[in-house]
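So this one's input.txt, compact mmCIF, C-alpha atoms:
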```txt
# COMPACT_ATOMS: atom_id res chain seq x y z
CA MET H 1 -20.08 -22.56 -13.74
CA CYS H 2 -22.88 -20.14 -14.57
CA VAL H 3 -23.53 -16.79 -12.97
CA ASP H 4 -26.70 -14.74 -13.37
CA ALA H 5 -26.12 -12.08 -16.01
CA THR H 6 -27.28 -9.26 -13.75
CA GLN H 7 -25.63 -5.88 -13.91
CA PRO H 8 -23.68 -4.62 -10.87
CA VAL H 9 -25.36 -1.96 -8.77
CA PRO H 10 -24.65 1.43 -10.43
CA ALA H 11 -21.40 2.93 -9.17
CA GLY H 12 -23.11 6.10 -8.01
CA LEU H 13 -25.44 4.19 -5.71
CA THR H 14 -22.81 1.95 -4.21
CA ARG H 15 -20.45 4.91 -3.89
CA ARG H 16 -23.10 6.71 -1.89
CA GLY H 17 -23.29 3.76 0.47
CA VAL H 18 -19.54 3.82 0.94
CA LEU H 19 -19.58 7.53 1.73
CA VAL H 20 -22.35 7.07 4.27
CA GLY H 21 -20.22 4.39 5.93
CA ALA H 22 -17.32 6.79 6.04
CA ALA H 23 -19.54 9.41 7.63
CA VAL H 24 -20.39 6.96 10.39
CA LEU H 25 -16.68 6.28 10.93
CA ALA H 26 -15.79 9.95 11.04
CA GLY H 27 -18.84 11.05 12.98
CA THR H 28 -18.44 14.54 11.57
CA MET H 29 -19.06 14.49 7.83
CA THR H 30 -21.43 17.09 6.45
CA ALA H 31 -23.24 17.01 3.14
CA SER H 32 -20.68 19.36 1.65
CA GLY H 33 -17.87 17.20 3.03
CA THR H 34 -19.43 14.14 1.41
CA ALA H 35 -19.50 15.91 -1.94
CA ALA H 36 -15.86 16.91 -1.56
CA ALA H 37 -14.85 13.34 -0.78
CA ALA H 38 -16.81 11.98 -3.72
CA SER H 39 -15.06 14.37 -6.07
CA GLY H 40 -11.64 13.28 -4.81
CA ALA H 41 -10.85 16.34 -2.70
CA GLY H 42 -7.91 15.85 -0.41
CA GLU H 43 -5.80 13.74 -2.78
CA GLY H 44 -2.99 16.26 -2.65
CA GLY H 45 -3.54 16.98 1.00
CA ALA H 46 -6.19 19.70 0.89
CA GLY H 47 -9.16 17.80 2.30
CA THR H 48 -11.94 19.19 4.47
CA GLY H 49 -9.93 18.69 7.65
CA ALA H 50 -6.51 19.65 6.25
CA GLY H 51 -4.45 22.11 8.26
CA ASP H 52 -2.00 25.00 8.21
CA LEU H 53 1.38 24.49 9.82
CA VAL H 54 4.99 25.68 9.74
CA ILE H 55 7.72 23.18 10.58
CA ARG H 56 10.79 25.11 11.73
CA GLY H 57 14.40 24.42 12.56
CA GLY H 58 14.90 20.79 11.63
CA THR H 59 17.26 19.06 9.23
CA LEU H 60 15.23 18.26 6.13
CA LEU H 61 16.05 15.17 4.05
CA ASP H 62 14.67 14.90 0.51
CA PRO H 63 14.61 11.17 -0.41
CA ALA H 64 14.34 11.96 -4.12
CA THR H 65 17.74 13.66 -4.26
CA GLY H 66 19.37 12.80 -0.94
CA HIS H 67 19.82 16.53 -0.38
CA VAL H 68 19.92 17.72 3.23
CA THR H 69 18.80 21.21 4.30
CA GLU H 70 19.78 22.36 7.77
CA ASP H 71 17.66 24.84 9.75
CA ALA H 72 14.83 24.12 7.31
CA VAL H 73 11.38 25.65 7.10
CA VAL H 74 8.37 23.85 5.61
CA VAL H 75 5.18 25.88 5.10
CA ILE H 76 1.93 23.94 4.79
CA ARG H 77 -1.32 25.67 3.82
CA ARG H 78 -4.61 23.76 3.69
CA GLY H 79 -2.72 20.47 3.77
CA THR H 80 -0.31 21.23 0.91
CA VAL H 81 3.32 22.35 1.01
CA THR H 82 3.57 25.89 -0.34
CA ALA H 83 7.22 26.68 0.46
CA VAL H 84 10.37 24.85 1.55
CA GLY H 85 13.90 26.07 2.21
CA ARG H 86 16.50 27.22 4.66
CA ALA H 87 15.37 29.65 7.34
CA GLY H 88 15.58 33.20 6.04
CA SER H 89 14.97 32.16 2.44
CA VAL H 90 11.29 31.32 2.90
CA ARG H 91 8.51 33.79 3.61
CA VAL H 92 6.31 32.51 6.40
CA PRO H 93 2.76 33.94 6.54
CA ASP H 94 1.77 35.49 9.84
CA GLY H 95 -0.45 33.61 12.22
CA LEU H 96 0.34 30.03 11.22
CA PRO H 97 0.81 27.48 14.02
CA ALA H 98 4.40 26.26 14.27
CA LEU H 99 6.06 22.95 15.07
CA ASP H 100 9.56 23.28 16.49
CA ALA H 101 11.83 20.69 14.86
CA ASP H 102 15.09 22.00 16.25
CA GLY H 103 17.58 19.15 16.72
CA ARG H 104 15.45 16.73 14.75
CA TRP H 105 15.36 15.38 11.23
CA VAL H 106 12.35 16.08 9.04
CA LEU H 107 11.24 13.62 6.35
CA PRO H 108 8.13 13.19 4.23
CA GLY H 109 5.51 10.83 5.63
CA LEU H 110 6.09 7.16 4.85
CA THR H 111 4.08 4.92 2.53
CA ASP H 112 3.09 1.31 3.27
CA ALA H 113 2.38 -0.25 -0.12
CA HIS H 114 0.81 -3.44 1.25
CA THR H 115 -1.28 -3.38 4.41
CA HIS H 116 -4.71 -4.51 5.55
CA LEU H 117 -6.36 -1.63 7.41
CA GLY H 118 -9.93 -2.42 8.36
CA THR H 119 -10.71 -0.30 11.42
CA THR H 120 -10.26 3.28 12.56
CA ALA H 121 -7.97 2.02 15.35
CA GLU H 122 -5.69 0.34 12.81
CA ALA H 123 -5.69 3.48 10.66
CA ARG H 124 -4.62 5.61 13.62
CA ALA H 125 -1.96 3.07 14.60
CA ALA H 126 -0.53 3.26 11.08
CA LEU H 127 -0.41 7.05 11.30
CA ARG H 128 1.45 6.87 14.60
CA CYS H 129 4.03 4.69 12.85
CA GLY H 130 4.55 7.49 10.34
CA VAL H 131 2.48 5.97 7.54
CA THR H 132 0.65 8.86 5.87
CA SER H 133 -0.11 7.00 2.61
CA ALA H 134 -0.91 3.35 2.05
CA ARG H 135 -2.24 0.77 -0.37
CA SER H 136 -4.70 -1.79 0.89
CA GLY H 137 -4.02 -5.46 0.31
CA SER H 138 -7.83 -6.05 0.48
CA THR H 139 -10.41 -6.26 3.23
CA SER H 140 -13.34 -8.63 3.73
CA PHE H 141 -16.24 -6.15 3.55
CA TYR H 142 -14.98 -2.99 1.84
CA GLN H 143 -13.77 -1.38 5.07
CA ASP H 144 -10.75 0.01 3.21
CA ILE H 145 -12.97 2.04 0.88
CA ALA H 146 -14.76 3.63 3.83
CA LEU H 147 -11.39 4.36 5.47
CA ARG H 148 -10.18 6.01 2.27
CA GLU H 149 -13.15 8.38 2.38
CA LEU H 150 -12.61 9.01 6.09
CA ALA H 151 -8.99 9.94 5.30
CA ARG H 152 -10.10 12.42 2.65
CA HIS H 153 -12.45 14.15 5.04
CA SER H 154 -10.42 13.84 8.24
CA PRO H 155 -6.75 13.32 7.33
CA GLY H 156 -5.67 13.30 10.98
CA LEU H 157 -7.58 10.03 11.47
CA ALA H 158 -6.25 7.83 8.66
CA PRO H 159 -3.53 7.59 5.99
CA ARG H 160 -4.28 8.53 2.41
CA LEU H 161 -5.38 5.15 1.06
CA ARG H 162 -5.52 3.26 -2.21
CA ALA H 163 -8.28 0.72 -1.59
CA ALA H 164 -8.41 -2.79 -3.08
CA GLY H 165 -11.86 -3.83 -1.91
CA VAL H 166 -12.30 -7.60 -1.69
CA PHE H 167 -9.80 -10.26 -2.74
CA VAL H 168 -10.18 -11.97 -6.12
CA THR H 169 -9.59 -15.48 -4.80
CA PRO H 170 -11.04 -18.92 -5.62
CA ASP H 171 -12.92 -19.18 -2.32
CA LEU H 172 -14.56 -15.96 -1.17
CA GLY H 173 -15.92 -17.48 2.03
CA ASP H 174 -18.10 -15.04 3.94
CA THR H 175 -16.86 -12.21 1.73
CA VAL H 176 -19.56 -13.34 -0.69
CA LEU H 177 -21.86 -11.38 1.65
CA ALA H 178 -19.95 -8.12 1.14
CA ASP H 179 -22.12 -7.06 -1.80
CA LEU H 180 -25.43 -8.33 -3.11
CA ASP H 181 -23.91 -8.76 -6.57
CA LEU H 182 -21.36 -11.23 -5.19
CA THR H 183 -23.99 -13.53 -3.65
CA PRO H 184 -24.73 -15.48 -6.90
CA LEU H 185 -21.16 -16.82 -6.63
CA ALA H 186 -22.18 -18.73 -3.50
CA ARG H 187 -24.01 -21.23 -5.75
CA SER H 188 -20.87 -22.17 -7.61
CA LYS H 189 -19.11 -25.40 -6.69
CA ASP H 190 -16.01 -24.13 -8.53
CA GLY H 191 -15.77 -20.85 -6.65
CA VAL H 192 -14.27 -17.83 -8.42
CA ARG H 193 -12.49 -19.59 -11.27
CA SER H 194 -14.41 -19.10 -14.49
CA ALA H 195 -13.78 -16.03 -16.64
CA GLU H 196 -17.29 -14.85 -15.84
CA ALA H 197 -16.81 -15.20 -12.09
CA LEU H 198 -13.44 -13.45 -12.16
CA ARG H 199 -14.94 -10.56 -14.12
CA ARG H 200 -17.83 -10.33 -11.70
CA VAL H 201 -15.62 -9.84 -8.64
CA VAL H 202 -13.55 -7.22 -10.46
CA ASP H 203 -16.68 -5.43 -11.71
CA VAL H 204 -18.25 -5.35 -8.25
CA ASN H 205 -15.01 -4.01 -6.78
CA ALA H 206 -14.92 -1.28 -9.41
CA ALA H 207 -18.58 -0.41 -8.79
CA ARG H 208 -17.86 -0.10 -5.08
CA GLY H 209 -15.04 2.34 -5.82
CA ALA H 210 -11.89 0.22 -5.46
CA ASP H 211 -8.71 1.91 -6.69
CA VAL H 212 -6.79 -1.31 -7.37
CA ILE H 213 -7.56 -5.02 -7.68
CA LYS H 214 -5.94 -7.69 -5.49
CA THR H 215 -5.63 -11.32 -6.55
CA ARG H 216 -3.40 -14.32 -5.87
CA VAL H 217 -1.53 -17.00 -7.77
CA ASN H 218 -0.41 -19.16 -4.82
CA GLU H 219 -1.84 -20.35 -1.53
CA ARG H 220 -0.93 -18.56 1.73
CA ALA H 221 2.32 -18.92 3.65
CA GLY H 222 0.74 -17.82 6.92
CA LEU H 223 -1.59 -20.81 7.23
CA PRO H 224 0.11 -24.08 8.21
CA ASP H 225 -2.40 -26.24 6.32
CA GLN H 226 -1.74 -24.44 3.01
CA ASP H 227 1.17 -24.89 0.62
CA PRO H 228 2.42 -21.47 -0.50
CA LEU H 229 3.97 -23.04 -3.60
CA ALA H 230 0.64 -24.51 -4.75
CA GLN H 231 -0.80 -22.52 -7.64
CA VAL H 232 -4.49 -21.56 -7.49
CA TYR H 233 -4.85 -19.58 -10.73
CA SER H 234 -3.35 -20.20 -14.16
CA ARG H 235 -1.77 -17.55 -16.32
CA GLU H 236 -4.96 -17.46 -18.38
CA GLN H 237 -7.11 -16.83 -15.31
CA LEU H 238 -4.74 -14.11 -14.11
CA SER H 239 -4.86 -12.53 -17.56
CA GLU H 240 -8.67 -12.48 -17.36
CA THR H 241 -8.50 -10.64 -14.05
CA VAL H 242 -5.92 -8.17 -15.35
CA ALA H 243 -8.00 -7.51 -18.48
CA ALA H 244 -11.15 -6.95 -16.42
CA ALA H 245 -9.27 -4.55 -14.14
CA ARG H 246 -7.84 -2.61 -17.07
CA ARG H 247 -11.32 -2.09 -18.48
CA HIS H 248 -11.97 -0.11 -15.32
CA GLY H 249 -8.58 1.62 -15.42
CA LYS H 250 -7.26 -0.39 -12.45
CA GLY H 251 -3.93 -2.09 -11.83
CA VAL H 252 -3.58 -5.50 -10.17
CA LEU H 253 -1.41 -6.54 -7.22
CA CYS H 254 -0.79 -10.28 -6.95
CA HIS H 255 -0.01 -12.47 -3.93
CA SER H 256 2.70 -14.88 -5.09
CA TYR H 257 5.43 -17.24 -3.90
CA SER H 258 6.53 -19.87 -6.45
CA GLU H 259 8.74 -19.02 -9.41
CA LYS H 260 6.17 -20.33 -11.91
CA GLY H 261 3.42 -18.43 -10.14
CA CYS H 262 5.47 -15.24 -10.14
CA HIS H 263 6.27 -15.61 -13.82
CA ASP H 264 2.66 -16.31 -14.74
CA ALA H 265 1.51 -13.26 -12.78
CA VAL H 266 4.08 -10.94 -14.34
CA THR H 267 3.48 -12.12 -17.89
CA ALA H 268 -0.27 -11.81 -17.28
CA GLY H 269 0.34 -8.11 -16.72
CA VAL H 270 0.00 -7.47 -12.97
CA ARG H 271 1.18 -4.06 -11.77
CA SER H 272 3.01 -5.40 -8.74
CA LEU H 273 4.21 -8.71 -7.35
CA GLU H 274 3.58 -9.21 -3.62
CA HIS H 275 5.81 -11.43 -1.41
CA GLY H 276 7.48 -13.23 -4.37
CA VAL H 277 9.85 -15.31 -2.24
CA PHE H 278 11.01 -17.66 -5.01
CA VAL H 279 10.89 -15.22 -7.90
CA GLY H 280 13.62 -16.16 -10.37
CA GLU H 281 16.01 -14.25 -12.56
CA ARG H 282 13.99 -14.70 -15.76
CA THR H 283 10.95 -13.22 -14.02
CA LEU H 284 12.95 -10.34 -12.58
CA HIS H 285 14.22 -9.49 -16.05
CA GLU H 286 10.62 -9.54 -17.28
CA MET H 287 9.61 -7.28 -14.40
CA ARG H 288 12.33 -4.82 -15.29
CA ARG H 289 11.18 -4.83 -18.92
CA ARG H 290 7.54 -4.30 -17.98
CA ASP H 291 8.22 -1.92 -15.07
CA THR H 292 6.44 -4.33 -12.72
CA CYS H 293 7.00 -3.37 -9.08
CA PHE H 294 8.17 -5.81 -6.40
CA THR H 295 6.64 -5.49 -2.91
CA PRO H 296 8.42 -8.26 -0.97
CA THR H 297 6.80 -7.72 2.47
CA LEU H 298 9.98 -8.84 4.25
CA THR H 299 8.42 -7.87 7.58
CA ALA H 300 5.66 -10.45 7.22
CA ILE H 301 8.04 -13.22 6.16
CA ALA H 302 10.44 -12.39 9.02
CA GLY H 303 7.50 -12.49 11.41
CA LEU H 304 6.75 -16.10 10.50
CA ALA H 305 10.06 -17.18 12.04
CA ASP H 306 8.74 -16.14 15.48
CA ASP H 307 5.40 -17.90 15.11
CA PRO H 308 4.60 -20.50 17.81
CA ASP H 309 3.43 -22.90 15.11
CA PRO H 310 6.51 -24.97 14.13
CA VAL H 311 5.43 -25.23 10.47
CA LEU H 312 5.17 -21.46 10.13
CA ALA H 313 8.37 -20.85 12.08
CA GLU H 314 10.28 -23.16 9.75
CA ARG H 315 8.81 -21.40 6.73
CA GLY H 316 9.93 -18.07 8.06
CA ARG H 317 13.48 -19.27 8.72
CA THR H 318 13.66 -20.88 5.29
CA PHE H 319 11.94 -18.17 3.25
CA LEU H 320 13.56 -15.02 4.65
CA PRO H 321 17.12 -15.54 3.33
CA VAL H 322 15.71 -16.60 -0.04
CA LEU H 323 13.57 -13.48 -0.21
CA LYS H 324 16.46 -11.23 0.79
CA ARG H 325 18.49 -12.63 -2.09
CA ALA H 326 15.56 -11.99 -4.44
CA VAL H 327 15.31 -8.37 -3.22
CA ARG H 328 19.02 -7.85 -3.77
CA ALA H 329 18.81 -9.34 -7.26
CA ALA H 330 15.80 -7.17 -8.08
CA TYR H 331 17.60 -4.05 -6.90
CA GLU H 332 20.72 -4.84 -8.92
CA LEU H 333 18.60 -5.41 -12.05
CA GLY H 334 16.71 -2.15 -11.59
CA VAL H 335 13.32 -3.64 -10.72
CA PRO H 336 11.27 -1.01 -8.84
CA LEU H 337 10.82 -1.88 -5.16
CA ALA H 338 8.17 -0.74 -2.69
CA ALA H 339 7.96 -1.23 1.06
CA GLY H 340 4.93 -3.06 2.43
CA THR H 341 4.39 -4.70 5.81
CA ASP H 342 1.36 -6.92 5.06
CA SER H 343 0.03 -5.88 8.47
CA SER H 344 -3.29 -7.54 9.31
CA GLY H 345 -5.44 -8.96 12.06
CA GLY H 346 -5.33 -5.87 14.23
CA THR H 347 -1.52 -5.67 14.39
CA VAL H 348 0.10 -2.75 12.58
CA ASP H 349 3.81 -3.24 11.96
CA PRO H 350 5.97 -0.14 11.41
CA VAL H 351 6.97 0.26 7.78
CA GLY H 352 10.30 1.50 9.14
CA ARG H 353 11.07 -2.13 9.95
CA GLU H 354 10.53 -2.98 6.28
CA VAL H 355 13.02 -0.28 5.31
CA GLU H 356 15.56 -1.79 7.70
CA LEU H 357 15.06 -5.22 6.13
CA MET H 358 15.48 -3.76 2.65
CA HIS H 359 18.80 -2.37 3.83
CA ALA H 360 19.75 -5.75 5.34
CA ALA H 361 18.95 -7.34 1.97
CA GLY H 362 21.61 -5.19 0.33
CA LEU H 363 20.08 -1.82 -0.54
CA PRO H 364 22.05 1.30 0.45
CA ALA H 365 20.31 3.24 3.22
CA LEU H 366 18.99 6.00 0.94
CA ASP H 367 17.60 3.54 -1.61
CA ALA H 368 16.03 1.52 1.19
CA LEU H 369 14.35 4.70 2.43
CA ARG H 370 13.09 5.40 -1.08
CA THR H 371 11.13 2.13 -1.06
CA ALA H 372 8.87 3.70 1.61
CA THR H 373 8.83 7.21 0.09
CA THR H 374 9.36 8.01 -3.58
CA GLY H 375 9.31 4.40 -4.80
CA ALA H 376 6.13 3.42 -3.00
CA ALA H 377 4.48 6.71 -3.96
CA ARG H 378 5.18 6.00 -7.62
CA LEU H 379 3.60 2.56 -7.35
CA LEU H 380 0.47 4.09 -5.82
CA GLY H 381 0.27 6.78 -8.50
CA LEU H 382 1.07 9.41 -5.88
CA ASP H 383 4.48 10.44 -7.19
CA ARG H 384 3.35 14.09 -7.45
CA THR H 385 1.63 13.95 -4.07
CA ALA H 386 3.60 11.87 -1.58
CA GLY H 387 7.20 10.84 -0.91
CA ARG H 388 8.72 14.33 -0.75
CA LEU H 389 8.32 17.59 1.13
CA ALA H 390 8.37 19.91 -1.85
CA ARG H 391 6.13 22.68 -3.15
CA GLY H 392 2.80 21.25 -4.31
CA TYR H 393 3.18 17.97 -2.43
CA ALA H 394 1.03 16.87 0.48
CA GLY H 395 1.92 18.32 3.86
CA ASP H 396 2.79 14.93 5.34
CA ALA H 397 5.90 14.76 7.52
CA ILE H 398 7.62 12.78 10.24
CA LEU H 399 10.16 14.06 12.76
CA LEU H 400 12.98 11.80 13.94
CA ASP H 401 15.49 12.10 16.75
CA GLY H 402 18.48 11.57 14.45
CA ASP H 403 19.80 10.93 10.96
CA PRO H 404 17.86 7.98 9.48
CA LEU H 405 20.59 7.27 6.95
CA ALA H 406 22.93 6.57 9.85
CA ASP H 407 20.31 4.63 11.82
CA LEU H 408 17.27 3.39 9.90
CA SER H 409 15.72 2.01 13.10
CA LEU H 410 14.69 5.60 13.89
CA LEU H 411 11.97 5.21 11.25
CA ARG H 412 10.13 2.69 13.43
CA ALA H 413 9.02 5.29 15.97
CA PRO H 414 8.74 8.88 14.71
CA VAL H 415 8.75 11.58 17.37
CA ARG H 416 5.96 13.52 15.63
CA VAL H 417 3.75 12.82 12.63
CA VAL H 418 2.01 15.39 10.45
CA ARG H 419 -0.72 14.40 8.02
CA ALA H 420 -1.93 17.09 5.58
CA GLY H 421 -0.80 19.83 7.96
CA VAL H 422 -2.51 18.21 10.95
CA LEU H 423 -0.49 16.99 13.94
CA VAL H 424 -1.37 13.35 14.62
```
Now, as a test, write the supplied structure out as structure tokens.
Amino acid sequence: MCVDATQPVPAGLTRRGVLVGAAVLAGTMTASGTAAAASGAGEGGAGTGAGDLVIRGGTLLDPATGHVTEDAVVVIRRGTVTAVGRAGSVRVPDGLPALDADGRWVLPGLTDAHTHLGTTAEARAALRCGVTSARSGSTSFYQDIALRELARHSPGLAPRLRAAGVFVTPDLGDTVLADLDLTPLARSKDGVRSAEALRRVVDVNAARGADVIKTRVNERAGLPDQDPLAQVYSREQLSETVAAARRHGKGVLCHSYSEKGCHDAVTAGVRSLEHGVFVGERTLHEMRRRDTCFTPTLTAIAGLADDPDPVLAERGRTFLPVLKRAVRAAYELGVPLAAGTDSSGGTVDPVGREVELMHAAGLPALDALRTATTGAARLLGLDRTAGRLARGYAGDAILLDGDPLADLSLLRAPVRVVRAGVLV
């Protein structure tokens, strides 16, 4: 298969287009705001629309240490935590708006490490579920990149987002229309399979401003006419994608199900394994050695069991116990785990449900919580930004009606959500 040897549109030009799209979504972006977004402002919380807030009187849980502070005070200035501690030990500047957390538990905002947010409505729904940071599992037309810029300018409208752009998959379908430099691939009878075609999709994603690259090794479980154990890319093809991504400084997340597919993806160098129902012990050992993260998306697999299609329902009933055993084995071996819902199609599942399923798979409550806080933040490269309410971290918080370590179901429906000092 041959592809025209044209150069991708310069990153600056395509980036400008993305920012204009974000301005349309936000409806409020000024020229100075655009410049701030382009330079990465807001990554630690202090974006154009970041706020000042004091959270008073709650019981603060730090997932990193498990330490609990009663009658806590959290001071947020311009979207970033500037002070944390017990009431009386923290100086609170005059004039800051306050959120009364008396009788409630205060936690850092949650992270969904695998979701498909493509609209402003979905972004707001994720925020209401307590998701203040997320990693995209790809979109069809670069909507996630525009949402990322919207979140930087107006943090109260969308979670902080790591965008994946479009899927590196053998058949792009109408996604070939997402960028003019993808259209030559429409001529190929082989789809996106050659080294040149794989590099092209990665290069276009990078030019459009993607933070990470998403690919697959197996077919989908959520389509009854596909076999999720059928392999669509070889280890060599996956290695080509990983190498192309690394040239742009990007990591790769890989949709996977079969043991051979999982092993090929891990040994090809992907940063994280998604779904991974039949991942085996040899692959888990390799993941531990390479520090490859496991994002099992238990919520999505559990959801298949309730599907009206009998093929999908049977898959869900069969796959879920297998995946739970894989999660338990990964945890016991020390493989890093991250919570991801794989929400898509307009439905946003609460990442709190994923934490519950991690616990049901065998993780202690605190470690299950870490998969949606410190663990997921580390995977996203946000380990000094998200996952804790500590000095210098983003002012993202959720308030719960009780102790989540005693009842993880409380994470499904936070009472209040704060994103970069802004009440959602």
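Closest approach to Val270 of chain H from the set H:Thr318, H:Thr215, H:Thr183, H:Gln231 is made by H:Thr215, with distances taken over only C-alpha atoms.
Minimum atom-to-atom distance to Lys214 of chain H, evaluated using all atoms listed in the file, belongs to H:Ser272 out of H:Ser272, H:Ser154, H:Gln226, H:Thr283.
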Interatomic distance, atom CA of Arg388 of chain H to atom CA of Thr347 of chain H (Å, one decimal): 27.1 Å
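If you look at atom CA of Gly334 of chain H and atom CA of Phe294 of chain H, they are 10.6 Å away from each other.
Using all atoms listed in the file for every distance, the candidate list H:Asp203, H:Asp401, H:Asp407, H:Asp52 yields H:Asp407 as the residue closest to Ala368 of chain H.
Distance cut-off 12 Å, centre (10.4, -22.5, 8.2), atoms counted only C-alpha atoms; the residues meeting this are Ala221, Gly222, Pro224, Pro228, Ile301, Ala302, Gly303, Leu304, Ala305, Asp306, Asp307, Pro308, Asp309, Pro310, Val311, Leu312, Ala313, Glu314, Arg315, Gly316, Arg317, Thr318, Phe319, Leu320, Pro321 and Val322 of chain H.
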Contacts of Ser239 of chain H within 10 Å, all atoms listed in the file, excl. fewer than 3 positions in-chain, as number ranges by chain: H: 195, 233-236, 242-245, 264-270
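Closest approach to Leu180 of chain H among H:Ser194, H:Thr120, H:Asn205, H:Ser138: H:Asn205, based on only C-alpha atoms.
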Would you compute an axis-aligned box for segment 136-149 of chain H, covering every atom listed for it in the file with 8 Å of margin on each side, and report centre and edge lengths in Å to one decimal as lines of an AutoDock Vina configuration file?
```
center_x = -10.1
center_y = -0.1
center_z = 2.9
size_x = 28.2
size_y = 33.0
size_z = 21.2
```
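With all atoms listed in the file as the basis for measurement, H:Asp211 is the residue among H:Glu281, H:Val73, H:Ala300, H:Asp211 that approaches Gly249 of chain H most closely.
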Where does segment 154-227 of chain H meet segment 102-117 of chain H within 12 Å, residue by residue, with the nearest atom pair and distance in Å to one decimal for each, counting only C-alpha atoms, listed by chain and rising number, as a tab-separated table?
```
residue	atom	partner	partner_atom	distance
H:Ala158	CA	H:Leu117	CA	9.5
H:Pro159	CA	H:Thr111	CA	8.8
H:Arg160	CA	H:Thr111	CA	9.1
H:Leu161	CA	H:Leu117	CA	9.3
H:Arg162	CA	H:Ala113	CA	8.9
H:Ala163	CA	H:Leu117	CA	9.5
H:Ala164	CA	H:His116	CA	9.5
H:Gly165	CA	H:His116	CA	10.4
H:Val166	CA	H:His116	CA	10.9
H:Phe167	CA	H:His116	CA	11.3
H:Val212	CA	H:His114	CA	11.7
H:Lys214	CA	H:His114	CA	10.4
```
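Closest approach to Val232 of chain H among H:Ala197, H:Val192, H:Leu382, H:Ala64 is made by H:Val192 (distances from only C-alpha atoms).
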Who sits within 9 Å of Arg86 of chain H, all atoms listed in the file, same chain under 5 positions skipped, as a list in words: Gly57, Thr69, Glu70, Asp71, Ala72, Val73 and Val74 of chain H
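One distance worth recording is that between atom CA of Val415 of chain H and atom CA of Val131 of chain H, which is 12.9 Å.
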